[in-house]
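Enquirer: Sharing final_21.txt (compact mmCIF, C-alpha atoms) below.
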```txt
# COMPACT_ATOMS: atom_id res chain seq x y z
CA MET A 19 22.50 20.16 -5.38
CA LYS A 20 19.70 21.02 -7.80
CA VAL A 21 17.06 19.02 -9.67
CA THR A 22 17.78 19.13 -13.40
CA ALA A 23 15.12 16.77 -14.80
CA VAL A 24 11.94 14.96 -13.81
CA ARG A 25 11.10 12.00 -16.05
CA THR A 26 8.11 9.68 -15.93
CA HIS A 27 8.00 6.10 -17.19
CA ILE A 28 4.87 4.05 -17.74
CA VAL A 29 5.66 0.36 -17.32
CA SER A 30 3.18 -2.39 -18.06
CA CYS A 31 2.94 -6.17 -18.31
CA PRO A 32 0.12 -8.69 -18.86
CA VAL A 33 -1.40 -10.69 -16.02
CA GLU A 34 -0.89 -14.37 -16.69
CA ARG A 35 -4.11 -15.43 -15.00
CA PRO A 36 -6.66 -12.60 -14.79
CA PHE A 37 -8.33 -12.10 -11.42
CA THR A 38 -11.01 -9.95 -9.83
CA SER A 39 -12.23 -8.71 -6.46
CA ALA A 40 -15.51 -7.39 -5.07
CA ARG A 41 -15.31 -4.32 -7.30
CA GLY A 42 -15.75 -6.55 -10.32
CA TRP A 43 -12.76 -5.20 -12.22
CA LEU A 44 -10.94 -7.87 -14.18
CA TYR A 45 -7.20 -7.38 -13.81
CA THR A 46 -5.62 -8.31 -17.15
CA THR A 47 -2.56 -6.04 -17.01
CA ARG A 48 -0.34 -4.43 -14.41
CA ALA A 49 0.88 -0.90 -14.99
CA SER A 50 2.58 1.81 -13.00
CA CYS A 51 3.91 5.34 -13.39
CA LEU A 52 7.50 5.63 -12.17
CA VAL A 53 9.13 8.98 -11.44
CA GLU A 54 12.85 9.48 -12.07
CA ILE A 55 14.47 12.69 -10.81
CA GLU A 56 17.97 13.70 -11.89
CA THR A 57 20.30 16.22 -10.25
CA ASP A 58 23.27 18.30 -11.30
CA GLU A 59 25.55 16.15 -9.10
CA GLY A 60 24.69 12.93 -10.90
CA VAL A 61 22.48 11.53 -8.14
CA THR A 62 19.20 10.06 -9.39
CA GLY A 63 16.15 9.14 -7.34
CA TRP A 64 13.12 6.97 -8.06
CA GLY A 65 9.50 7.19 -6.96
CA GLU A 66 6.17 5.66 -7.89
CA CYS A 67 2.60 6.94 -8.26
CA TYR A 68 -0.41 4.85 -7.32
CA GLY A 69 -3.36 4.73 -9.72
CA PRO A 70 -3.93 4.86 -13.50
CA ALA A 71 -0.43 5.15 -14.93
CA ALA A 72 -1.17 7.35 -17.95
CA ALA A 73 -3.20 9.79 -15.86
CA CYS A 74 -0.47 9.99 -13.21
CA LYS A 75 2.11 10.64 -15.91
CA ALA A 76 0.04 13.54 -17.24
CA VAL A 77 -0.29 15.03 -13.76
CA VAL A 78 3.44 14.84 -13.05
CA ASP A 79 4.55 15.99 -16.51
CA THR A 80 2.18 18.91 -16.92
CA MET A 81 1.35 20.17 -13.41
CA LEU A 82 4.13 19.19 -11.04
CA SER A 83 7.52 18.64 -12.62
CA PRO A 84 8.03 22.24 -13.86
CA ARG A 85 7.88 23.39 -10.22
CA VAL A 86 10.50 20.86 -9.14
CA ILE A 87 13.19 21.74 -11.69
CA GLY A 88 15.92 23.82 -10.05
CA ARG A 89 14.90 22.88 -6.50
CA ASP A 90 17.23 21.48 -3.85
CA PRO A 91 16.11 17.84 -3.39
CA PHE A 92 16.95 18.10 0.32
CA ASP A 93 14.06 20.55 0.68
CA THR A 94 11.50 17.75 0.77
CA SER A 95 8.94 19.55 2.93
CA VAL A 96 9.33 22.83 1.05
CA VAL A 97 8.74 21.11 -2.28
CA TRP A 98 5.80 19.10 -0.91
CA GLU A 99 4.00 22.17 0.44
CA ASP A 100 4.62 24.11 -2.76
CA LEU A 101 3.20 21.32 -4.93
CA TYR A 102 0.20 20.77 -2.67
CA ASN A 103 -0.68 24.45 -2.64
CA ARG A 104 -0.28 24.49 -6.43
CA VAL A 105 -3.00 21.85 -6.85
CA LYS A 106 -5.17 22.75 -3.84
CA ASP A 107 -7.93 24.41 -5.87
CA TYR A 108 -8.71 21.23 -7.79
CA GLY A 109 -6.66 18.33 -6.45
CA LEU A 110 -6.97 17.76 -2.70
CA THR A 111 -7.16 13.99 -3.26
CA GLY A 112 -6.60 11.39 -5.97
CA LEU A 113 -4.24 11.64 -8.89
CA SER A 114 -2.69 14.97 -7.99
CA ILE A 115 -1.62 13.65 -4.58
CA ALA A 116 -0.41 10.41 -6.17
CA GLY A 117 1.77 12.55 -8.45
CA ILE A 118 3.17 14.44 -5.47
CA SER A 119 3.77 11.10 -3.78
CA GLY A 120 5.94 9.84 -6.64
CA ILE A 121 8.00 13.02 -6.61
CA ASP A 122 8.38 13.01 -2.83
CA ILE A 123 9.59 9.39 -2.76
CA ALA A 124 12.13 10.17 -5.49
CA LEU A 125 13.42 13.22 -3.58
CA TRP A 126 13.90 11.18 -0.41
CA ASP A 127 15.68 8.55 -2.50
CA ILE A 128 18.08 11.24 -3.75
CA VAL A 129 18.74 12.48 -0.22
CA GLY A 130 19.51 8.96 0.97
CA ARG A 131 21.80 8.25 -1.96
CA ALA A 132 23.61 11.56 -1.55
CA LEU A 133 24.25 10.84 2.13
CA GLY A 134 24.92 7.13 1.66
CA LYS A 135 22.10 6.21 4.06
CA PRO A 136 18.86 4.21 3.73
CA ILE A 137 15.74 6.30 4.14
CA HIS A 138 14.83 4.66 7.43
CA LYS A 139 17.97 6.26 8.89
CA LEU A 140 16.79 9.67 7.69
CA ILE A 141 13.32 9.41 9.21
CA GLY A 142 14.32 8.27 12.68
CA GLY A 143 15.95 4.86 12.36
CA ALA A 144 14.76 1.28 12.04
CA HIS A 145 12.77 -0.29 14.85
CA ARG A 146 13.37 -3.61 13.12
CA THR A 147 15.80 -5.09 10.59
CA ALA A 148 13.15 -7.39 9.13
CA VAL A 149 9.41 -7.02 8.66
CA THR A 150 6.67 -9.60 8.74
CA ALA A 151 5.01 -9.96 5.36
CA TYR A 152 1.40 -10.99 4.95
CA ALA A 153 0.24 -12.72 1.79
CA THR A 154 -2.51 -10.85 -0.05
CA GLY A 155 -4.40 -13.12 -2.40
CA LEU A 156 -7.42 -15.41 -2.59
CA TYR A 157 -9.03 -13.30 -5.30
CA PHE A 158 -11.97 -14.60 -7.33
CA ILE A 159 -10.71 -16.56 -10.33
CA ASP A 160 -12.70 -19.77 -10.84
CA THR A 161 -16.30 -18.90 -10.02
CA ASN A 162 -17.18 -22.59 -9.93
CA ARG A 163 -14.62 -23.31 -7.18
CA LEU A 164 -14.68 -20.18 -5.04
CA VAL A 165 -14.35 -22.00 -1.72
CA GLU A 166 -12.04 -24.75 -2.93
CA GLU A 167 -9.60 -22.42 -4.70
CA ALA A 168 -9.41 -20.16 -1.65
CA VAL A 169 -8.59 -23.10 0.63
CA GLU A 170 -5.93 -24.43 -1.73
CA GLU A 171 -4.30 -21.03 -2.12
CA ALA A 172 -4.29 -20.33 1.61
CA GLU A 173 -2.73 -23.71 2.33
CA LYS A 174 0.00 -22.90 -0.18
CA TYR A 175 0.87 -19.64 1.57
CA ALA A 176 0.88 -21.35 4.94
CA SER A 177 3.30 -23.98 3.59
CA GLN A 178 5.57 -21.16 2.36
CA GLY A 179 5.95 -19.86 5.89
CA PHE A 180 3.55 -16.90 5.88
CA ARG A 181 2.17 -16.24 9.35
CA ALA A 182 -0.58 -13.94 8.07
CA ILE A 183 -2.88 -14.05 5.03
CA LYS A 184 -5.38 -11.55 3.65
CA MET A 185 -8.23 -12.83 1.51
CA LYS A 186 -10.78 -11.09 -0.67
CA ILE A 187 -14.48 -11.16 0.15
CA GLY A 188 -17.56 -9.54 -1.40
CA LEU A 189 -19.19 -12.24 -3.50
CA GLY A 190 -22.68 -10.76 -3.31
CA ASP A 191 -23.81 -13.52 -0.97
CA LEU A 192 -23.04 -12.91 2.71
CA LYS A 193 -23.48 -16.56 3.68
CA LEU A 194 -21.13 -17.68 0.90
CA ASP A 195 -18.56 -15.11 2.01
CA ALA A 196 -18.80 -16.34 5.60
CA ARG A 197 -18.58 -19.99 4.54
CA ARG A 198 -15.53 -19.28 2.37
CA VAL A 199 -13.78 -17.45 5.22
CA ALA A 200 -14.61 -20.23 7.68
CA ALA A 201 -13.23 -22.84 5.28
CA VAL A 202 -9.95 -20.95 4.96
CA ARG A 203 -9.68 -20.56 8.73
CA GLN A 204 -10.23 -24.28 9.22
CA ALA A 205 -7.62 -25.09 6.57
CA ILE A 206 -4.83 -22.88 7.94
CA GLY A 207 -5.52 -23.50 11.61
CA PRO A 208 -5.67 -21.07 14.54
CA ASP A 209 -2.06 -19.89 14.56
CA ILE A 210 -1.94 -18.08 11.20
CA ALA A 211 -3.52 -14.62 11.22
CA LEU A 212 -6.35 -14.14 8.73
CA ALA A 213 -7.56 -10.74 7.48
CA VAL A 214 -10.37 -10.07 5.01
CA ASP A 215 -10.67 -7.31 2.41
CA ALA A 216 -14.02 -6.26 0.93
CA ASN A 217 -12.72 -3.48 -1.33
CA HIS A 218 -15.49 -1.19 0.02
CA CYS A 219 -18.37 -3.19 -1.47
CA PHE A 220 -20.85 -3.42 1.44
CA SER A 221 -23.50 -1.20 2.92
CA VAL A 222 -23.21 -0.46 6.63
CA PRO A 223 -25.90 -3.00 7.69
CA ASN A 224 -24.43 -5.77 5.53
CA ALA A 225 -20.88 -5.06 6.70
CA ILE A 226 -22.03 -5.38 10.31
CA ARG A 227 -24.04 -8.49 9.56
CA LEU A 228 -21.15 -10.20 7.76
CA GLY A 229 -18.66 -9.09 10.38
CA ARG A 230 -20.71 -10.80 13.08
CA MET A 231 -20.92 -13.93 10.94
CA MET A 232 -17.12 -13.94 10.60
CA GLU A 233 -16.32 -13.40 14.28
CA ALA A 234 -16.01 -17.14 14.89
CA SER A 235 -13.21 -17.24 12.29
CA ASP A 236 -10.93 -15.03 14.43
CA ILE A 237 -10.35 -12.25 11.89
CA LEU A 238 -7.25 -10.07 12.27
CA TRP A 239 -8.96 -7.15 10.55
CA PHE A 240 -11.93 -6.39 8.29
CA GLU A 241 -10.52 -4.14 5.56
CA GLU A 242 -12.54 -1.57 3.64
CA PRO A 243 -15.96 -2.94 4.54
CA ILE A 244 -17.76 0.14 3.17
CA SER A 245 -17.20 3.07 0.83
CA PRO A 246 -14.15 5.14 1.85
CA GLU A 247 -15.94 8.50 1.92
CA ASP A 248 -18.53 7.30 4.46
CA HIS A 249 -16.71 8.16 7.68
CA ASP A 250 -19.92 8.09 9.73
CA GLY A 251 -20.58 4.61 8.40
CA TYR A 252 -17.09 3.50 9.43
CA VAL A 253 -17.79 4.69 12.96
CA GLU A 254 -20.95 2.55 13.01
CA VAL A 255 -19.18 -0.57 11.69
CA THR A 256 -16.17 -0.16 13.97
CA ARG A 257 -18.30 0.27 17.08
CA ALA A 258 -20.57 -2.65 16.20
CA LEU A 259 -17.93 -5.35 15.63
CA ASP A 260 -15.61 -7.24 17.96
CA MET A 261 -12.84 -7.25 15.35
CA ALA A 262 -10.50 -4.59 14.07
CA VAL A 263 -11.77 -2.50 11.15
CA ALA A 264 -9.17 -1.20 8.69
CA GLY A 265 -9.14 1.22 5.77
CA GLY A 266 -7.46 4.23 4.28
CA GLU A 267 -5.82 3.10 1.06
CA ASN A 268 -8.22 5.45 -0.71
CA ASP A 269 -7.57 8.41 1.57
CA PHE A 270 -5.02 11.15 1.04
CA THR A 271 -2.82 13.51 3.08
CA ARG A 272 -2.97 14.35 6.78
CA TRP A 273 -6.23 16.20 6.22
CA GLY A 274 -7.91 13.19 4.67
CA PHE A 275 -6.91 11.04 7.65
CA ARG A 276 -7.41 13.68 10.35
CA ASP A 277 -11.08 13.12 11.13
CA ILE A 278 -10.87 9.36 10.54
CA ILE A 279 -8.17 9.08 13.17
CA ALA A 280 -9.56 11.62 15.64
CA ARG A 281 -12.97 9.90 15.61
CA LYS A 282 -11.39 6.44 15.63
CA ALA A 283 -13.57 5.60 12.67
CA MET A 284 -11.08 2.79 11.96
CA ASP A 285 -8.92 0.73 14.28
CA ILE A 286 -6.18 0.47 11.64
CA VAL A 287 -5.32 3.07 8.99
CA GLN A 288 -3.62 1.94 5.79
CA PRO A 289 -2.10 4.89 3.93
CA ASP A 290 -0.38 4.00 0.67
CA LEU A 291 3.01 5.69 0.41
CA CYS A 292 2.58 6.09 -3.38
CA ALA A 293 -0.89 7.65 -3.02
CA ALA A 294 -1.29 9.47 0.28
CA GLY A 295 1.64 11.87 -0.11
CA GLY A 296 4.95 10.01 -0.01
CA PHE A 297 7.29 9.81 2.96
CA SER A 298 6.80 13.46 3.92
CA GLU A 299 3.05 13.11 4.40
CA CYS A 300 2.76 9.50 5.55
CA LEU A 301 5.08 10.26 8.46
CA LYS A 302 2.54 12.87 9.59
CA ILE A 303 -0.34 10.43 9.13
CA ALA A 304 1.47 7.79 11.20
CA THR A 305 2.13 10.35 13.93
CA LEU A 306 -1.55 11.34 14.02
CA ALA A 307 -2.48 7.68 14.31
CA SER A 308 0.00 7.02 17.10
CA ALA A 309 -1.23 10.03 19.08
CA HIS A 310 -4.78 8.64 18.98
CA GLY A 311 -3.96 4.99 19.62
CA VAL A 312 -4.82 3.94 16.07
CA GLU A 313 -2.58 1.42 14.35
CA CYS A 314 -0.85 2.17 11.04
CA VAL A 315 -0.32 -0.72 8.62
CA PRO A 316 0.48 0.73 5.16
CA HIS A 317 -1.14 -0.49 1.98
CA ALA A 318 1.25 -1.66 -0.76
CA TRP A 319 0.58 -2.33 -4.44
CA GLY A 320 2.77 -1.73 -7.46
CA SER A 321 6.34 -2.13 -8.61
CA ALA A 322 9.66 -2.78 -6.90
CA ILE A 323 10.05 0.94 -6.23
CA GLY A 324 6.85 1.33 -4.24
CA LEU A 325 7.51 -1.90 -2.34
CA ALA A 326 11.06 -0.88 -1.42
CA ALA A 327 9.89 2.53 -0.24
CA THR A 328 7.15 0.92 1.86
CA VAL A 329 9.67 -1.41 3.52
CA GLN A 330 11.78 1.62 4.50
CA PHE A 331 8.69 3.32 5.94
CA ILE A 332 7.51 0.29 7.91
CA ALA A 333 11.00 -0.24 9.33
CA ALA A 334 10.79 3.22 10.93
CA LEU A 335 7.28 2.77 12.42
CA PRO A 336 7.21 2.03 16.15
CA ASP A 337 5.07 -0.76 17.50
CA GLN A 338 1.60 0.37 18.52
CA PRO A 339 1.17 -0.02 21.41
CA PRO A 340 4.93 -0.08 22.08
CA ALA A 341 7.12 -2.95 23.15
CA TRP A 342 4.63 -5.68 24.04
CA ARG A 343 2.65 -5.86 20.81
CA SER A 344 2.57 -9.42 19.49
CA MET A 345 2.60 -8.41 15.81
CA PRO A 346 4.39 -5.17 14.74
CA PRO A 347 3.42 -3.28 11.54
CA MET A 348 3.34 -5.74 8.64
CA LEU A 349 4.18 -5.49 4.96
CA GLU A 350 1.54 -6.30 2.37
CA PHE A 351 3.05 -8.78 -0.12
CA GLU A 352 0.58 -9.31 -2.94
CA GLN A 353 0.75 -12.83 -4.37
CA THR A 354 -0.48 -12.64 -7.95
CA PRO A 355 2.49 -12.71 -10.37
CA ASN A 356 4.04 -9.24 -10.66
CA PRO A 357 7.11 -8.88 -12.92
CA LEU A 358 7.19 -5.13 -12.23
CA ARG A 359 7.86 -5.92 -8.59
CA ASP A 360 9.97 -9.03 -8.96
CA HIS A 361 12.29 -8.08 -11.84
CA LEU A 362 12.58 -4.28 -12.00
CA ALA A 363 15.24 -4.13 -9.27
CA ARG A 364 18.66 -5.66 -9.72
CA GLU A 365 18.26 -7.20 -6.26
CA PRO A 366 14.52 -7.28 -5.68
CA ILE A 367 12.74 -7.24 -2.35
CA VAL A 368 11.86 -10.87 -1.58
CA GLN A 369 10.16 -12.70 1.24
CA GLN A 370 11.47 -15.87 2.83
CA ASN A 371 9.18 -17.75 5.19
CA GLY A 372 7.00 -14.68 5.42
CA ILE A 373 9.87 -12.36 6.40
CA VAL A 374 11.38 -9.48 4.39
CA SER A 375 14.79 -8.08 5.30
CA VAL A 376 15.04 -4.29 5.42
CA PRO A 377 17.63 -3.11 2.85
CA ASP A 378 20.42 -0.98 4.27
CA ALA A 379 21.60 0.32 0.87
CA PRO A 380 21.20 4.08 0.32
CA GLY A 381 17.83 5.65 -0.43
CA ILE A 382 14.96 3.24 -0.95
CA GLY A 383 17.53 0.46 -0.95
CA ILE A 384 17.30 -0.92 -4.48
CA GLU A 385 18.82 -0.21 -7.90
CA VAL A 386 16.56 -0.10 -10.94
CA ASP A 387 17.60 -2.45 -13.74
CA ARG A 388 17.38 -0.21 -16.79
CA ASP A 389 17.29 -3.15 -19.19
CA VAL A 390 14.18 -4.44 -17.44
CA LEU A 391 12.76 -0.92 -17.35
CA ALA A 392 13.19 -0.69 -21.13
CA LYS A 393 11.53 -4.09 -21.57
CA PHE A 394 8.36 -3.06 -19.72
CA LYS A 395 8.26 0.62 -20.65
CA VAL A 396 5.35 1.61 -22.88
CA ALA A 397 5.54 5.43 -22.59
```
Kindly present the structure from the file in structure tokens form.
Expert:
Amino acid sequence: MKVTAVRTHIVSCPVERPFTSARGWLYTTRASCLVEIETDEGVTGWGECYGPAAACKAVVDTMLSPRVIGRDPFDTSVVWEDLYNRVKDYGLTGLSIAGISGIDIALWDIVGRALGKPIHKLIGGAHRTAVTAYATGLYFIDTNRLVEEAVEEAEKYASQGFRAIKMKIGLGDLKLDARRVAAVRQAIGPDIALAVDANHCFSVPNAIRLGRMMEASDILWFEEPISPEDHDGYVEVTRALDMAVAGGENDFTRWGFRDIIARKAMDIVQPDLCAAGGFSECLKIATLASAHGVECVPHAWGSAIGLAATVQFIAALPDQPPAWRSMPPMLEFEQTPNPLRDHLAREPIVQQNGIVSVPDAPGIGIEVDRDVLAKFKVA
């Protein structure tokens, strides 16, 4: 089998109710770069790149795809290493690795489809047939009702059966952040896990100060408290707080995670399959984490393709520590409306009472609806 074509598709849709986080970016549209790889045996695979869609498309189209044409899609590691060494002089992180990620996911999808097996079977088997989903939401929308809207939204997710919720923090006022978190905790009660995500907005002293203020709210993890490149700062925050510190959605490849994991700069690493290097590389990152007693809970954001791939990956992750862990690796299920996730697949990945079944169809486990693809495609 040989690769005959690599095609990229930019899909985009408006956000019905714009929202923001601590970074201050107003999300008014959703967009993603999808990678479609065709073979001479009629088997097609799909992948997704994390990050600015047009930039990812340019990376894949101009730098990466010419080196994939003619390759055997079963040679996933060979292709990955070739592409990485091609971009090493100028692309050790960021968009170039996101481009490789989209290609790698698509190649694994082809292998699974060719063999008639879901990807979790190809990477060691499923430790679970269903994964626990946590609701990511509680962004900043109505600045006049920041506490009230967070409470109302959290109560909604609890009523839908979610057993874990992740809320945004980083309002520029530590006491307001702490009060908002405490109000959500009181509203959902003690039995629903609550994580917080600062989108790397704090300094080290303020992250530690806020973390101590939030300890009474029984926080599952404090995500991206500080800037991702400040590994020394992460060590300080992690050692100072009596709660798990998480991060890694803005880190790339085994080399980007190596020192983070070896130093235990974070308690939980969160590689994004569509950014950090695809299945081939995220398996190595998860192995590094396991060897050092660091948990791996992948980040997920994007379309149905990235979500389906992430479900396959999480299904194959062992519990850490094994067997007696009360909550195995969870799936991030973002709650703002996302047609690219909910309609792009003929049978989309859905959650029911906070649980997502692991697809056992070949490859990533979904079929792209080409009519929907055409509807959202902009380039």
Enquirer: What is the CA of Thr147 in chain A to CA of Asp378 in chain A distance in Å?
Expert: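 That distance, rounded to one decimal, is 8.8 Å.
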Enquirer: Tell me which of A:Ala200, A:Ile128, A:Ile187, A:Val61 sits closest to Asn217 in chain A, counting all atoms listed in the file.
Expert: A:Ile187
Enquirer: State, in Å with one decimal place, the distance from CA of His310 in chain A to CA of Glu66 in chain A.
Expert: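 Interatomic distance, CA of His310 in chain A to CA of Glu66 in chain A: 29.2 Å.
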Enquirer: In the coordinates of the file, take the point (-10.1, -7.7, 0.8) and a cut-off of 6 Å; then, counting all atoms listed in the file, name each qualifying protein, DNA or RNA residue as a list in words.
Expert: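 The residues near that point, listed by chain and number, are Met185, Lys186, Ile187, Val214, Asp215, Ala216, Asn217 and Glu241 of chain A.
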Enquirer: Using all atoms listed in the file, I'd like a table of the residues in range 109-149 of chain A that come within 6 Å of range 294-299 of chain A; for each, show the closest atom pair and its distance in Å rounded to one decimal, ordered by chain and ascending number, as a Markdown table.
Expert:
```
| residue | atom | partner | partner_atom | distance |
| --- | --- | --- | --- | --- |
| A:Ile115 | CA | A:Gly295 | CA | 5.8 |
| A:Ser119 | CA | A:Gly296 | CA | 4.1 |
| A:Asp122 | CA | A:Gly296 | CA | 5.4 |
| A:Ile123 | CA | A:Gly296 | CA | 5.4 |
```
Enquirer: For CA of Ala258 in chain A and CA of Arg276 in chain A, quote the distance in Å rounded to one decimal.
Expert: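 Separation of CA of Ala258 in chain A and CA of Arg276 in chain A: 21.8 Å.
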Enquirer: First collect every listed atom of range 152-170 of chain A; then fit an axis-aligned box around them, widen it by 5 Å on each side, and give centre and edge lengths in Å to one decimal, as JSON.
Expert:
```
{"center_x": -7.9, "center_y": -17.8, "center_z": -2.9, "size_x": 28.6, "size_y": 23.9, "size_z": 25.8}
```
Enquirer: When you count only C-alpha atoms, which of these residues is closest to Val374 in chain A: A:Gly320, A:Gly179, A:Gly69, A:Pro243?
Expert: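 Ranking A:Gly320, A:Gly179, A:Gly69, A:Pro243 by distance to Val374 in chain A, first place goes to A:Gly179.
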